[in-house]
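Chemist: Input: one structure, supplied below.
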Amino acid sequence: MSNISSAQSAPGSSLFKVFRPWIFLAVLLIILPFIFSSGISVYTMNLMGIFIIFALSYNMLLGQGGMLSFGHAVYFGLGGFMSVHFMNYIEYEIFILPMFLVPIFGGIIGLIFAVIIGSFSTRRAGTVFAMISLGIGELVAASSLIFVAFFGGEEGVSGDRTMGPNVLGFDYATDVEVYYLIAIWAFITIALMYMFSRTPMGRMANAVRDNEERAEFIGYSQRKVRFISFCASGFFAGIAGGLFAINFEIVTEENLNALTSGVVLLMAYIGGVGFFIGPIIGAVVFTLLQTLLSNYTEIWQLYVGVLFVLTVMYAPQGLTGILAMHLPVIRMKRVGPLLMPYLRIGIPTIICLIGLVGLLETVHHVRSMPADQTMMSLAGLEFDTHSVLPWVIMVVFTVVGGFVAKSQAPQFREAWEEAHAPVSSDGGSAK
Amino acid sequence: MSIAISLNEVRKSFGPTEIIRGVNLNIEKGERHAIIGPNGAGKSTLFHLVSGRYNLSGGSVSLNGEEISNLPPYEIYRKGLSRSFQVTNIFPMMSVFENVRCGIMWSKDYKYSFWHLVDRERELNERTQEVLAEIGLTDRQHVPAGVLTYAEQRALEIGIASAGGADVIMLDEPTAGMSHSETDQAIALIRKITEGKTLVMVEHDMGVVFDLADRISVLVYGEIIATDTPENIRNNKAVQEAYLGAEAEHA
């Protein structure tokens, strides 16, 4: 997408240029199931679509509005529960409603609760807001086990998405049909959330994030700006929850507890909160890790956690930030000179990572398996965890790889700076 | 001429310390009024009291005859008073263009709208370009405001304050920390943006004060000891003792 940074598009840009990313997105969404048609990939893409909406709604708070929330799953979960109840109303014919409209009710319940909770939690940003969001998150998660009539207790509430009047012959019996339902909702909500960020309200959300005090001296109440962002965010999170309900046909307490709140924070941050498309990339990467990596290793959450910590420490702009740093290099056609340095630092880093992953997996194997089961297979290699040689190899990989990578760092940095050195005509535009 | 800002027995204390000790001041519409005084006299505090950043401990402030005591800053801004800050106070991660545009939005009546797309609002963007040209930052409009040089940030600071077209503009040390040539540019800019408006400024640079101001108030230890034309202030005995004398000693 050309508009990943917050720079405004030039007034003279043609209509086509404005809509190009959207046309691209629409075409991509349509053709994806033809490329990835297996059951697992459709399942993954459905989850991705839901998480993309959820992560983008979260970024309306964190990235756009400067509000760190630890309880965003409340609006996702409540939207999900409301939607699953609506699915049941449709099944019992209390309402006659096509299934694809159900997420709207999820959105409305998300909005209602955001209005109620936002009315007091958005008074201040920063720590106060974060603490209130954490408290509310715990409160709602706890009450979900108490109010069994609405939340269904520990087993949750389940529904049936194939009920209700068919529109254009869709009865959502297969995952691919649900995929297109999610894709359409994702397209609409991504567009709406992007447009929201380009309205006076969205601009002021950024202004309040940057400097809440000054915003008050140009006519805007910081509290009201935060409140409106918060409500919009709750609405879109509720829609994501509604889609979750349709996709899985069950919503449980887990969907509104702190774990889910943590996941959305992880997705948005790994992707990059400073960019509109950051959370999209974060949601895609996270879902891939969750569904694919978990097939190969039991400790995939450890890797996600490490990725998050590394992002916070070394790439606070997230994966999108790393990509965006390469844009000027590509634009100036200086990718060539960077290839060799990348190989020289990349290969030892990969060797180091292979060693580390091997060590982690082997340690996990030793700790979790019965004592007599000492054979393990890793990436097709069979070895005995109680013999010395595999350990030695892995330690050597880690240490030598790490050492060589570190020794390559200075020349890499030099090449990087050279590639970024401004040409005389470059006005130093950032990002 | 009618009164733009009127301060009546304004007081402010922080705990037991009284910083502003009963200030009475009338600033007329259309005048350029400077407030001077030694360090710690309470000039910035007085600014914060008028613009709504601090609440009053006593007395009252009115703007164009309307009471504005203890209103939140955004309410005061909406009544037509805009201000800049001594320590640069901008939106550092947003582009220079966005900074200025945010300063205009309320005055163009967009309020909290989420049904206008800012990039399509021609008038808003044209006005933004005008302000950018005025403050000389047209070439730097796509740069994040946080990476501007100090002098550019000061210009942007003034630009944001004046962009909304408020009738009363308050500038807190607009030339602080600037070189001579930068100061000259800043004076020209201030002249330009305050044409036909009321200007209240705090300033340490006497050259700037005597160059710009129609009237000067001298604030010493939370009290105004004189308000007069530059000429009379220069010859005022009490002022010389309390303020200019102290300056001379330093020199």
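Within each chain, counting starts at residue 1; across the structure tokens, chains are named A, B, ... in the order shown, with ligands numbered 1 upward in that order.
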Only residues of chain B matter here; which ones have an atom within 9 Å of chain A, counting only C-alpha atoms? Give them as a PyMOL selection string.

Modeler: chain B and resi 51-53+72-78+81-84+89-95+97-99+102-107+110-120+122+125+139-140+142-144+160-161+164

Chemist: Determine, counting only C-alpha atoms, which protein, DNA and RNA residues have an atom within 10 Å of an atom of Val357 in chain A; residues of the same chain fewer than 3 positions away are not included. Present the result as a list of chain:residue names.

Modeler: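 My list of contacting residues is A:Tyr303, A:Ile351, A:Cys352, A:Leu353, A:Ile354, A:Leu360, A:Glu361, A:Thr362, A:Val363, A:Leu378, A:Met394, A:Thr398.
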
Chemist: Which of range 172-383 of chain A counts as strand (DSSP E or B) under DSSP, as a ChimeraX atom specification please?

Modeler: /A:250-251,375-378,381-383

Chemist: Write out as a list of chain:residue names the residues lying within 10 Å of Ile233 in chain B, counting only C-alpha atoms and excluding same-chain residues fewer than 3 positions away.

Modeler: B:Phe210, B:Arg215, B:Ile216, B:Ser217, B:Val218, B:Ala226, B:Thr227, B:Asp228, B:Thr229, B:Pro230, B:Asn236, B:Lys237, B:Ala238, B:Val239, B:Gln240, B:Leu244

Chemist: Please report the interatomic distance between CA of Val366 in chain A and CA of Ser387 in chain A in Å with one decimal.

Modeler: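 Computing it gives 11.7 Å between the two atoms.
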
Chemist: Write out as a list of chain:residue names the residues lying within 10 Å of Leu56 in chain B, counting only C-alpha atoms and excluding same-chain residues fewer than 4 positions away.

Modeler: B:Val10, B:Arg11, B:Lys12, B:Ser13, B:Ile20, B:Leu46, B:His48, B:Leu49, B:Val50, B:Gly52, B:Ser60, B:Val61, B:Ser69, B:Asn70, B:Leu71

Chemist: Only C-alpha atoms, please: the residues just picked out, written as a PDB file, in the first residue's frame.

Modeler:
```
ATOM      1  CA  VAL B  10      -6.158  37.829  39.625  1.00  0.00           C
ATOM      2  CA  ARG B  11      -4.399  35.686  42.195  1.00  0.00           C
ATOM      3  CA  LYS B  12      -2.606  32.353  42.052  1.00  0.00           C
ATOM      4  CA  SER B  13      -0.876  30.436  44.776  1.00  0.00           C
ATOM      5  CA  ILE B  20       0.420  36.156  41.303  1.00  0.00           C
ATOM      6  CA  LEU B  46      -0.102  34.784  34.324  1.00  0.00           C
ATOM      7  CA  HIS B  48      -1.364  30.043  32.007  1.00  0.00           C
ATOM      8  CA  LEU B  49      -4.086  31.656  34.116  1.00  0.00           C
ATOM      9  CA  VAL B  50      -5.529  33.617  31.213  1.00  0.00           C
ATOM     10  CA  GLY B  52      -6.925  28.202  31.086  1.00  0.00           C
ATOM     11  CA  SER B  60     -11.525  36.912  37.452  1.00  0.00           C
ATOM     12  CA  VAL B  61     -10.522  37.078  33.803  1.00  0.00           C
ATOM     13  CA  SER B  69     -12.230  32.392  34.585  1.00  0.00           C
ATOM     14  CA  ASN B  70     -11.415  28.721  35.143  1.00  0.00           C
ATOM     15  CA  LEU B  71     -12.799  27.550  31.825  1.00  0.00           C
TER      16      LEU B  71
END
```

Chemist: Between A:Leu319, A:Val312, A:Ile239, A:Leu168, which has the minimum distance to Gly282 in chain A (counting only C-alpha atoms)?

Modeler: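 Ranking A:Leu319, A:Val312, A:Ile239, A:Leu168 by distance to Gly282 in chain A, first place goes to A:Leu319.
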
Chemist: Could you pull out the residues in range 159-404 of chain A that DSSP calls alpha helix (DSSP H) from the backbone, as a PyMOL selection string?

Modeler: chain A and resi 175-197+200-210+212-216+222-248+258-271+278-288+294-296+300-314+318-331+335-368+388-404

Chemist: Tell me, as a ChimeraX atom specification, which residues lie within 7 Å of range 195-204 of chain B, counting only C-alpha atoms; anything in the same chain fewer than 4 positions away does not count.

Modeler: /B:29-36,43,167-173,191,209

Chemist: Write the residues of the selection above to a file with N, CA and C atoms, as a tab-separated table (two decimals), in the first residue's frame.

Modeler:
```
chain	number	residue	atom	x	y	z
B	29	LYS	N	-8.40	46.12	22.54
B	29	LYS	CA	-8.49	45.41	21.27
B	29	LYS	C	-7.53	46.04	20.27
B	30	GLY	N	-6.80	45.23	19.55
B	30	GLY	CA	-5.95	45.71	18.48
B	30	GLY	C	-4.58	46.17	18.93
B	31	GLU	N	-4.31	46.18	20.21
B	31	GLU	CA	-2.98	46.64	20.64
B	31	GLU	C	-2.01	45.46	20.73
B	32	ARG	N	-0.71	45.82	20.66
B	32	ARG	CA	0.33	44.82	20.90
B	32	ARG	C	0.89	45.10	22.28
B	33	HIS	N	0.64	44.17	23.17
B	33	HIS	CA	0.94	44.41	24.57
B	33	HIS	C	2.03	43.43	25.01
B	34	ALA	N	3.09	43.96	25.61
B	34	ALA	CA	4.17	43.09	26.09
B	34	ALA	C	4.17	43.07	27.61
B	35	ILE	N	4.43	41.89	28.17
B	35	ILE	CA	4.60	41.78	29.61
B	35	ILE	C	6.06	41.44	29.87
B	36	ILE	N	6.71	42.30	30.63
B	36	ILE	CA	8.12	42.04	30.94
B	36	ILE	C	8.27	41.94	32.45
B	43	LYS	N	5.40	35.73	34.96
B	43	LYS	CA	4.85	36.08	33.64
B	43	LYS	C	4.18	34.88	32.98
B	167	ASP	N	-8.80	36.11	17.54
B	167	ASP	CA	-8.65	37.57	17.61
B	167	ASP	C	-7.55	37.96	18.57
B	168	VAL	N	-7.38	37.15	19.61
B	168	VAL	CA	-6.38	37.48	20.62
B	168	VAL	C	-5.31	36.39	20.58
B	169	ILE	N	-4.07	36.81	20.38
B	169	ILE	CA	-2.98	35.85	20.32
B	169	ILE	C	-2.00	36.15	21.43
B	170	MET	N	-1.67	35.09	22.19
B	170	MET	CA	-0.72	35.27	23.29
B	170	MET	C	0.53	34.46	22.97
B	171	LEU	N	1.66	35.14	22.94
B	171	LEU	CA	2.91	34.45	22.63
B	171	LEU	C	3.82	34.49	23.85
B	172	ASP	N	4.26	33.31	24.29
B	172	ASP	CA	5.12	33.22	25.46
B	172	ASP	C	6.57	33.11	24.99
B	173	GLU	N	7.32	34.18	25.14
B	173	GLU	CA	8.72	34.24	24.71
B	173	GLU	C	8.95	33.68	23.32
B	191	ARG	N	4.64	40.38	13.45
B	191	ARG	CA	3.96	41.55	12.90
B	191	ARG	C	2.89	41.14	11.89
B	209	VAL	N	10.80	43.77	22.47
B	209	VAL	CA	9.69	44.42	23.19
B	209	VAL	C	9.51	45.85	22.72
```

Chemist: What lies within 12 Å of Glu182 in chain B using only C-alpha atoms, ignoring chain neighbours under 2 positions off, as a PDB file with N, CA and C atoms, in the first residue's frame?

Modeler:
```pdb
ATOM      1  N   THR B 149      14.422  22.060  12.967  1.00  0.00           N
ATOM      2  CA  THR B 149      15.403  22.763  13.792  1.00  0.00           C
ATOM      3  C   THR B 149      14.661  23.598  14.836  1.00  0.00           C
ATOM      4  N   TYR B 150      15.419  24.084  15.821  1.00  0.00           N
ATOM      5  CA  TYR B 150      14.787  24.833  16.905  1.00  0.00           C
ATOM      6  C   TYR B 150      14.019  26.044  16.377  1.00  0.00           C
ATOM      7  N   ALA B 151      14.671  26.821  15.525  1.00  0.00           N
ATOM      8  CA  ALA B 151      14.015  28.035  15.015  1.00  0.00           C
ATOM      9  C   ALA B 151      12.775  27.686  14.212  1.00  0.00           C
ATOM     10  N   GLU B 152      12.852  26.594  13.445  1.00  0.00           N
ATOM     11  CA  GLU B 152      11.680  26.174  12.669  1.00  0.00           C
ATOM     12  C   GLU B 152      10.541  25.745  13.586  1.00  0.00           C
ATOM     13  N   GLN B 153      10.907  25.046  14.672  1.00  0.00           N
ATOM     14  CA  GLN B 153       9.868  24.647  15.617  1.00  0.00           C
ATOM     15  C   GLN B 153       9.204  25.852  16.263  1.00  0.00           C
ATOM     16  N   ARG B 154      10.017  26.880  16.533  1.00  0.00           N
ATOM     17  CA  ARG B 154       9.432  28.100  17.110  1.00  0.00           C
ATOM     18  C   ARG B 154       8.467  28.744  16.122  1.00  0.00           C
ATOM     19  N   ALA B 155       8.852  28.750  14.850  1.00  0.00           N
ATOM     20  CA  ALA B 155       7.972  29.321  13.832  1.00  0.00           C
ATOM     21  C   ALA B 155       6.685  28.512  13.736  1.00  0.00           C
ATOM     22  N   PRO B 174       8.359  34.298  22.313  1.00  0.00           N
ATOM     23  CA  PRO B 174       8.469  33.731  20.957  1.00  0.00           C
ATOM     24  C   PRO B 174       9.899  33.708  20.419  1.00  0.00           C
ATOM     25  N   THR B 175      10.782  34.556  20.922  1.00  0.00           N
ATOM     26  CA  THR B 175      12.130  34.572  20.348  1.00  0.00           C
ATOM     27  C   THR B 175      13.173  33.959  21.274  1.00  0.00           C
ATOM     28  N   ALA B 176      12.709  33.254  22.325  1.00  0.00           N
ATOM     29  CA  ALA B 176      13.672  32.696  23.282  1.00  0.00           C
ATOM     30  C   ALA B 176      14.660  31.778  22.577  1.00  0.00           C
ATOM     31  N   GLY B 177      15.931  31.971  22.833  1.00  0.00           N
ATOM     32  CA  GLY B 177      16.958  31.084  22.318  1.00  0.00           C
ATOM     33  C   GLY B 177      17.277  31.243  20.851  1.00  0.00           C
ATOM     34  N   MET B 178      16.830  32.364  20.246  1.00  0.00           N
ATOM     35  CA  MET B 178      17.076  32.540  18.811  1.00  0.00           C
ATOM     36  C   MET B 178      18.296  33.434  18.585  1.00  0.00           C
ATOM     37  N   SER B 179      18.918  33.248  17.423  1.00  0.00           N
ATOM     38  CA  SER B 179      20.019  34.132  17.051  1.00  0.00           C
ATOM     39  C   SER B 179      19.452  35.458  16.569  1.00  0.00           C
ATOM     40  N   HIS B 180      20.337  36.440  16.308  1.00  0.00           N
ATOM     41  CA  HIS B 180      19.872  37.776  15.895  1.00  0.00           C
ATOM     42  C   HIS B 180      19.049  37.732  14.626  1.00  0.00           C
ATOM     43  N   ASP B 184      15.042  38.581  14.078  1.00  0.00           N
ATOM     44  CA  ASP B 184      14.489  39.552  13.129  1.00  0.00           C
ATOM     45  C   ASP B 184      13.374  38.923  12.298  1.00  0.00           C
ATOM     46  N   GLN B 185      13.624  37.698  11.853  1.00  0.00           N
ATOM     47  CA  GLN B 185      12.585  36.992  11.080  1.00  0.00           C
ATOM     48  C   GLN B 185      11.346  36.769  11.926  1.00  0.00           C
ATOM     49  N   ALA B 186      11.566  36.385  13.193  1.00  0.00           N
ATOM     50  CA  ALA B 186      10.435  36.116  14.081  1.00  0.00           C
ATOM     51  C   ALA B 186       9.604  37.385  14.283  1.00  0.00           C
ATOM     52  N   ILE B 187      10.290  38.525  14.446  1.00  0.00           N
ATOM     53  CA  ILE B 187       9.558  39.786  14.638  1.00  0.00           C
ATOM     54  C   ILE B 187       8.697  40.084  13.422  1.00  0.00           C
ATOM     55  N   ALA B 188       9.295  39.920  12.243  1.00  0.00           N
ATOM     56  CA  ALA B 188       8.529  40.174  11.015  1.00  0.00           C
ATOM     57  C   ALA B 188       7.319  39.266  10.946  1.00  0.00           C
ATOM     58  N   LEU B 189       7.536  37.989  11.327  1.00  0.00           N
ATOM     59  CA  LEU B 189       6.431  37.025  11.302  1.00  0.00           C
ATOM     60  C   LEU B 189       5.329  37.434  12.273  1.00  0.00           C
ATOM     61  N   VAL B 208      13.174  43.343  21.089  1.00  0.00           N
ATOM     62  CA  VAL B 208      11.916  42.888  20.517  1.00  0.00           C
ATOM     63  C   VAL B 208      10.750  43.641  21.145  1.00  0.00           C
TER      64      VAL B 208
END
```
